[in-house]
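Pasted below: structure.txt, compact mmCIF, C-alpha atoms.
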# COMPACT_ATOMS: atom_id res chain seq x y z
CA MET A 1 -43.21 -3.20 -5.54
CA ARG A 2 -43.74 -1.13 -2.41
CA ARG A 3 -43.08 -4.14 -0.19
CA PHE A 4 -39.86 -4.89 -2.05
CA ALA A 5 -38.77 -1.25 -1.66
CA LEU A 6 -39.49 -1.36 2.07
CA LEU A 7 -37.53 -4.60 2.33
CA LEU A 8 -34.56 -2.96 0.60
CA VAL A 9 -34.73 -0.01 2.98
CA VAL A 10 -34.82 -2.22 6.07
CA LEU A 11 -32.07 -4.58 4.88
CA GLY A 12 -29.95 -1.67 3.71
CA LEU A 13 -30.28 0.13 7.02
CA VAL A 14 -29.35 -3.02 8.95
CA ALA A 15 -26.34 -3.66 6.69
CA VAL A 16 -25.13 -0.07 7.07
CA VAL A 17 -25.37 -0.11 10.86
CA VAL A 18 -23.89 -3.59 11.36
CA GLY A 19 -21.22 -3.24 8.68
CA THR A 20 -20.09 0.19 9.88
CA ALA A 21 -19.97 -0.87 13.52
CA ALA A 22 -18.06 -4.08 12.78
CA GLY A 23 -15.72 -2.38 10.31
CA CYS A 24 -14.89 0.53 12.61
CA GLY A 25 -14.36 -1.77 15.59
CA THR A 26 -11.96 -3.99 13.65
CA PHE A 27 -10.26 -1.07 11.93
CA PHE A 28 -9.44 0.81 15.14
CA SER A 29 -8.01 -2.37 16.69
CA PHE A 30 -5.85 -2.99 13.59
CA ASN A 31 -2.23 -2.10 14.30
CA GLY A 32 -1.24 -1.73 10.64
CA ARG A 33 0.42 -5.13 10.40
CA HIS A 34 -1.22 -7.99 8.53
CA PRO A 35 0.65 -11.36 8.71
CA VAL A 36 1.25 -12.91 5.29
CA ALA A 37 3.90 -15.57 5.98
CA VAL A 38 5.34 -17.46 8.95
CA GLN A 39 8.62 -19.38 8.96
CA PRO A 40 9.81 -21.51 11.92
CA LEU A 41 13.20 -20.51 13.25
CA VAL A 42 15.75 -22.48 15.25
CA PRO A 43 18.22 -20.38 17.30
CA GLY A 44 21.71 -21.09 15.99
CA THR A 45 20.48 -22.03 12.50
CA PRO A 46 20.37 -19.21 9.89
CA VAL A 47 17.26 -18.87 7.71
CA ARG A 48 17.09 -17.47 4.19
CA GLN A 49 13.65 -17.28 2.56
CA THR A 50 12.10 -15.43 -0.41
CA PHE A 51 8.57 -14.09 -0.73
CA ARG A 52 6.70 -12.20 -3.45
CA ALA A 53 6.15 -8.56 -2.57
CA LYS A 54 3.38 -6.49 -4.14
CA ALA A 55 3.92 -2.98 -5.44
CA ASP A 56 3.53 -0.10 -2.96
CA ARG A 57 2.97 -2.42 -0.01
CA HIS A 58 4.88 -1.80 3.22
CA TYR A 59 6.57 -4.98 4.49
CA THR A 60 8.03 -5.63 7.92
CA LEU A 61 9.99 -8.64 9.13
CA ALA A 62 9.37 -9.68 12.74
CA VAL A 63 11.50 -12.13 14.68
CA HIS A 64 9.55 -13.76 17.51
CA VAL A 65 11.03 -15.72 20.40
CA VAL A 66 8.50 -17.47 22.63
CA PHE A 67 9.41 -18.21 26.25
CA ASP A 68 8.01 -20.65 28.79
CA ARG A 69 6.53 -18.54 31.57
CA GLU A 70 6.69 -21.36 34.13
CA GLY A 71 9.23 -20.68 36.85
CA LEU A 72 9.90 -17.07 35.83
CA ALA A 73 10.02 -14.36 38.49
CA GLU A 74 7.40 -11.61 38.69
CA SER A 75 7.80 -7.94 39.48
CA ASN A 76 4.95 -5.45 39.87
CA GLY A 77 2.48 -7.90 38.37
CA GLN A 78 4.61 -8.61 35.31
CA VAL A 79 6.71 -11.60 34.32
CA VAL A 80 10.44 -10.90 34.18
CA VAL A 81 12.26 -12.53 31.25
CA GLU A 82 16.04 -12.49 31.38
CA ALA A 83 17.33 -13.49 27.97
CA ARG A 84 19.82 -12.18 25.43
CA LEU A 85 20.03 -13.61 21.92
CA PRO A 86 22.37 -12.17 19.26
CA ILE A 87 20.56 -11.33 16.03
CA VAL A 88 21.48 -10.33 12.50
CA ALA A 89 18.43 -9.92 10.26
CA SER A 90 17.83 -8.16 6.96
CA LEU A 91 15.47 -7.68 4.03
CA GLU A 92 17.15 -7.88 0.61
CA ASP A 93 15.93 -6.80 -2.82
CA THR A 94 16.42 -8.77 -6.04
CA SER A 95 20.03 -7.59 -6.36
CA GLY A 96 20.90 -8.92 -2.91
CA VAL A 97 21.31 -5.47 -1.37
CA ALA A 98 19.98 -5.11 2.18
CA VAL A 99 17.14 -2.57 2.15
CA ALA A 100 16.59 -2.95 5.91
CA LYS A 101 18.92 -4.52 8.45
CA VAL A 102 19.20 -5.13 12.18
CA VAL A 103 22.37 -6.11 14.03
CA GLY A 104 22.42 -6.47 17.79
CA TRP A 105 20.52 -8.32 20.48
CA LEU A 106 17.04 -9.64 20.99
CA ASP A 107 16.66 -8.73 24.65
CA PRO A 108 13.16 -8.56 26.22
CA ASN A 109 14.38 -5.89 28.64
CA GLU A 110 15.94 -3.54 26.11
CA PRO A 111 14.21 -1.57 23.32
CA PRO A 112 13.64 -1.88 20.44
CA THR A 113 12.75 -5.45 21.46
CA VAL A 114 9.14 -5.57 22.72
CA LEU A 115 7.84 -8.20 25.13
CA TYR A 116 4.19 -9.28 24.84
CA GLY A 117 2.15 -11.41 27.21
CA HIS A 118 4.15 -10.45 30.30
CA ALA A 119 1.16 -8.82 32.03
CA ALA A 120 -1.70 -10.69 33.66
CA SER A 121 -4.32 -8.65 31.78
CA ALA A 122 -5.97 -10.65 29.00
CA ASN A 123 -6.85 -7.41 27.24
CA GLN A 124 -3.25 -6.46 26.57
CA ARG A 125 -2.77 -5.48 22.93
CA ARG A 126 -0.80 -7.99 20.83
CA PRO A 127 0.28 -8.23 17.19
CA ALA A 128 -2.19 -9.76 14.75
CA GLY A 129 -2.18 -13.54 14.71
CA MET A 130 -0.37 -13.89 18.02
CA PRO A 131 -2.12 -16.14 20.59
CA VAL A 132 -3.06 -14.52 23.89
CA ALA A 133 -1.25 -17.07 26.04
CA GLU A 134 2.18 -16.55 24.46
CA LEU A 135 5.04 -14.84 26.26
CA VAL A 136 6.96 -13.58 23.27
CA ALA A 137 9.72 -11.09 22.52
CA GLU A 138 9.57 -9.35 19.15
CA ARG A 139 12.28 -7.56 17.15
CA LEU A 140 11.29 -5.78 13.93
CA VAL A 141 13.21 -5.23 10.70
CA GLY A 142 11.92 -2.59 8.30
CA PRO A 143 9.49 -1.43 7.08
CA TYR A 144 10.35 -1.73 3.39
CA THR A 145 8.15 -0.44 0.57
CA ALA A 146 8.26 -2.46 -2.63
CA PRO A 147 8.42 -0.06 -5.63
CA ALA A 148 7.12 -2.82 -7.92
CA GLU A 149 6.05 -6.44 -7.67
CA ARG A 150 9.22 -8.39 -7.00
CA ASP A 151 10.89 -11.09 -4.95
CA VAL A 152 12.20 -10.00 -1.57
CA THR A 153 14.49 -12.16 0.55
CA TYR A 154 14.75 -12.11 4.31
CA VAL A 155 17.82 -13.44 6.08
CA VAL A 156 17.80 -14.15 9.82
CA ASP A 157 20.67 -15.41 11.94
CA LEU A 158 19.42 -15.72 15.52
CA GLY A 159 21.90 -17.04 18.03
CA THR A 160 21.21 -19.02 21.17
CA ASP A 161 20.41 -17.37 24.49
CA ARG A 162 23.58 -16.15 26.20
CA LEU A 163 22.02 -15.99 29.68
CA GLY A 164 20.14 -19.29 29.84
CA LYS A 165 17.72 -18.17 32.56
CA ALA A 166 14.54 -18.52 30.45
CA ARG A 167 13.52 -21.49 28.35
CA VAL A 168 12.82 -20.79 24.68
CA THR A 169 9.87 -22.89 23.45
CA GLU A 170 9.59 -21.54 19.92
CA ALA A 171 11.05 -19.02 17.50
CA ARG A 172 9.73 -17.84 14.15
CA CYS A 173 9.95 -15.23 11.43
CA VAL A 174 6.77 -13.40 10.47
CA ILE A 175 6.30 -11.24 7.39
CA TYR A 176 3.75 -8.45 7.76
CA ASP A 177 2.29 -6.12 5.17
CA ASP A 178 -0.02 -3.16 5.66
CA ALA A 179 -3.01 -4.56 3.75
CA LEU A 180 -6.36 -4.32 5.48
CA PRO A 181 -7.54 -7.68 6.88
CA THR A 182 -10.35 -9.47 5.06
CA SER A 183 -12.70 -8.91 8.00
CA ILE A 184 -12.39 -5.13 7.64
CA ARG A 185 -12.91 -5.21 3.87
CA VAL A 186 -15.95 -7.49 4.21
CA ALA A 187 -17.51 -5.30 6.92
CA PHE A 188 -17.12 -2.06 4.97
CA GLY A 189 -18.21 -3.84 1.78
CA ALA A 190 -21.40 -4.90 3.52
CA ALA A 191 -21.92 -1.32 4.71
CA LEU A 192 -21.46 -0.02 1.15
CA ALA A 193 -23.89 -2.60 -0.19
CA GLY A 194 -26.31 -1.50 2.51
CA VAL A 195 -26.04 2.12 1.35
CA VAL A 196 -26.82 1.07 -2.22
CA ALA A 197 -29.82 -1.00 -1.09
CA LEU A 198 -31.05 1.80 1.17
CA VAL A 199 -30.82 4.46 -1.56
CA SER A 200 -32.44 2.15 -4.12
CA GLY A 201 -35.30 1.38 -1.75
CA VAL A 202 -35.89 5.06 -0.97
CA ILE A 203 -35.90 5.95 -4.68
CA MET A 204 -38.38 3.18 -5.43
CA LEU A 205 -40.64 4.39 -2.63
CA LEU A 206 -40.50 7.98 -3.93
CA PHE A 207 -41.38 6.85 -7.45
CA GLY A 208 -44.25 4.83 -6.01
CA VAL A 209 -45.58 7.87 -4.14
CA LEU A 210 -45.31 10.09 -7.26
CA ARG A 211 -47.11 7.51 -9.38
CA SER A 212 -49.92 7.18 -6.86
CA ARG A 213 -50.35 10.99 -6.73
CA ARG A 214 -50.43 11.24 -10.52
CA GLY A 215 -52.95 8.42 -10.70
CA GLY A 216 -55.16 10.13 -8.12
CA ALA A 217 -54.94 13.45 -9.97
CA ARG A 218 -55.98 11.83 -13.27
CA ARG A 219 -58.93 10.11 -11.64
CA ARG A 220 -60.13 13.44 -10.21
CA GLN A 221 -59.84 15.10 -13.64
CA ILE A 222 -61.89 12.33 -15.27
CA VAL A 223 -64.60 12.65 -12.64

Would you write the structure of this file as structure tokens?
Amino acid sequence: MRRFALLLVVLGLVAVVVGTAAGCGTFFSFNGRHPVAVQPLVPGTPVRQTFRAKADRHYTLAVHVVFDREGLAESNGQVVVEARLPIVASLEDTSGVAVAKVVGWLDPNEPPTVLYGHAASANQRRPAGMPVAELVAERLVGPYTAPAERDVTYVVDLGTDRLGKARVTEARCVIYDDALPTSIRVAFGAALAGVVALVSGVIMLLFGVLRSRRGGARRRQIV
């Protein structure tokens, strides 16, 4: 019994340390957006798609346009992308009313469009699920909080590039929610299991010590 208790203490301690370290590391690198659906997009062809939203989840629609970095100019160690694509994008509830909408341009050089992958540093922060090598401009729609589980429709009409100085290799729509990734839940779950094992092992050891003391006291009384 004592060996089993010691094993629980050791395994529990290891699980707590490893799980906490892994969970905290992943959690602090999590940007609050967890990809749940990806839909290819062709500039000039509107897209209308429905997904099932869960209650009290925050959902964001992202429109990504990926550029070929070959042949692009550089300035101050960063790739310069000259592009301008008209965009009309929205999130609609079950009644067809737009709960979040964007009308304007997807321009890598003008906020709120954000360009990722333009720096040479491989450590540059990027949205979850986005490959490191991509040179991609992102425009967000939302967030929208679903009051109950329901169907939500996103509509995206992305036009073709009006400047034509950068080659578009891919475009897509990405739906994000704010759910914690599985890796974070697993890591903190392991840490919690480690706490339970550690406490159980310590309690078993304490009971073992108390029993041995009582046994010794009884033997002395008999003598």

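Of the residues under consideration (A:Tyr59, A:Tyr176, A:Val136, A:Lys165), A:Lys165 shows the shortest atom-to-atom contact distance to Ala73 in chain A when counting all atoms listed in the file.
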
What's the 8 Å shell around Gly142 in chain A, counting only C-alpha atoms, without same-chain residues fewer than 2 positions away, as JSON, numbers by chain? {"A": [59, 60, 61, 91, 100, 101, 140, 144]}

Could you list, as a short mmCIF file (atom, residue, chain, number, x, y, z; two decimals) with C-alpha atoms, keeping the file's coordinate frame, every residue within 8 Å of Ala53 in chain A, counting all atoms listed in the file and ignoring same-chain residues fewer than 2 positions away?
data_model
loop_
_atom_site.label_atom_id
_atom_site.label_comp_id
_atom_site.auth_asym_id
_atom_site.auth_seq_id
_atom_site.Cartn_x
_atom_site.Cartn_y
_atom_site.Cartn_z
CA PHE A 51 8.57 -14.09 -0.73
CA ALA A 55 3.92 -2.98 -5.44
CA ARG A 57 2.97 -2.42 -0.01
CA TYR A 59 6.57 -4.98 4.49
CA ALA A 146 8.26 -2.46 -2.63
CA ALA A 148 7.12 -2.82 -7.92
CA GLU A 149 6.05 -6.44 -7.67
CA ARG A 150 9.22 -8.39 -7.00
CA ASP A 151 10.89 -11.09 -4.95
CA VAL A 152 12.20 -10.00 -1.57
#

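If you measure from each of A:Ala137, A:Val42, A:Val81, A:Ala89 to Val156 in chain A using only C-alpha atoms, the closest one turns out to be A:Ala89.
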
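Candidate residues A:Val114, A:Val174, A:Val47, A:Tyr154 were compared for distance to Glu92 in chain A, and the nearest is A:Tyr154, using all atoms listed in the file.
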
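Protein, DNA and RNA residues at most 7 Å from (22.4, -16.9, 21.6), with only C-alpha atoms, are these: A:Pro43, A:Arg84, A:Leu85, A:Pro86, A:Leu158, A:Gly159, A:Thr160, A:Asp161, A:Arg162.
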
Could those selected residues go to a file with C-alpha atoms, as a compact mmCIF listing (two decimals), keeping the file's coordinate frame?
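Now in result_36.txt:
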# COMPACT_ATOMS: atom_id res chain seq x y z
CA PRO A 43 18.22 -20.38 17.30
CA ARG A 84 19.82 -12.18 25.43
CA LEU A 85 20.03 -13.61 21.92
CA PRO A 86 22.37 -12.17 19.26
CA LEU A 158 19.42 -15.72 15.52
CA GLY A 159 21.90 -17.04 18.03
CA THR A 160 21.21 -19.02 21.17
CA ASP A 161 20.41 -17.37 24.49
CA ARG A 162 23.58 -16.15 26.20

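Restricting the calculation to all atoms listed in the file, the smallest distance between Pro112 in chain A and any of A:Ala62, A:Ile203, A:Val80, A:Val168 is found for A:Ala62.
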
Give the answer as one residue: which of A:Arg69, A:Arg139, A:Lys54, A:His64 has the shortest atom-to-atom distance to Val38 in chain A, using only C-alpha atoms? A:His64

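Atom pair CA of Val65 in chain A / CA of Ser95 in chain A: separated by 29.4 Å.
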
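With distances taken over all atoms listed in the file, A:Thr169 is the one residue among A:Gln39, A:Asn109, A:Thr169, A:Ser200 lying closest to Glu134 in chain A.
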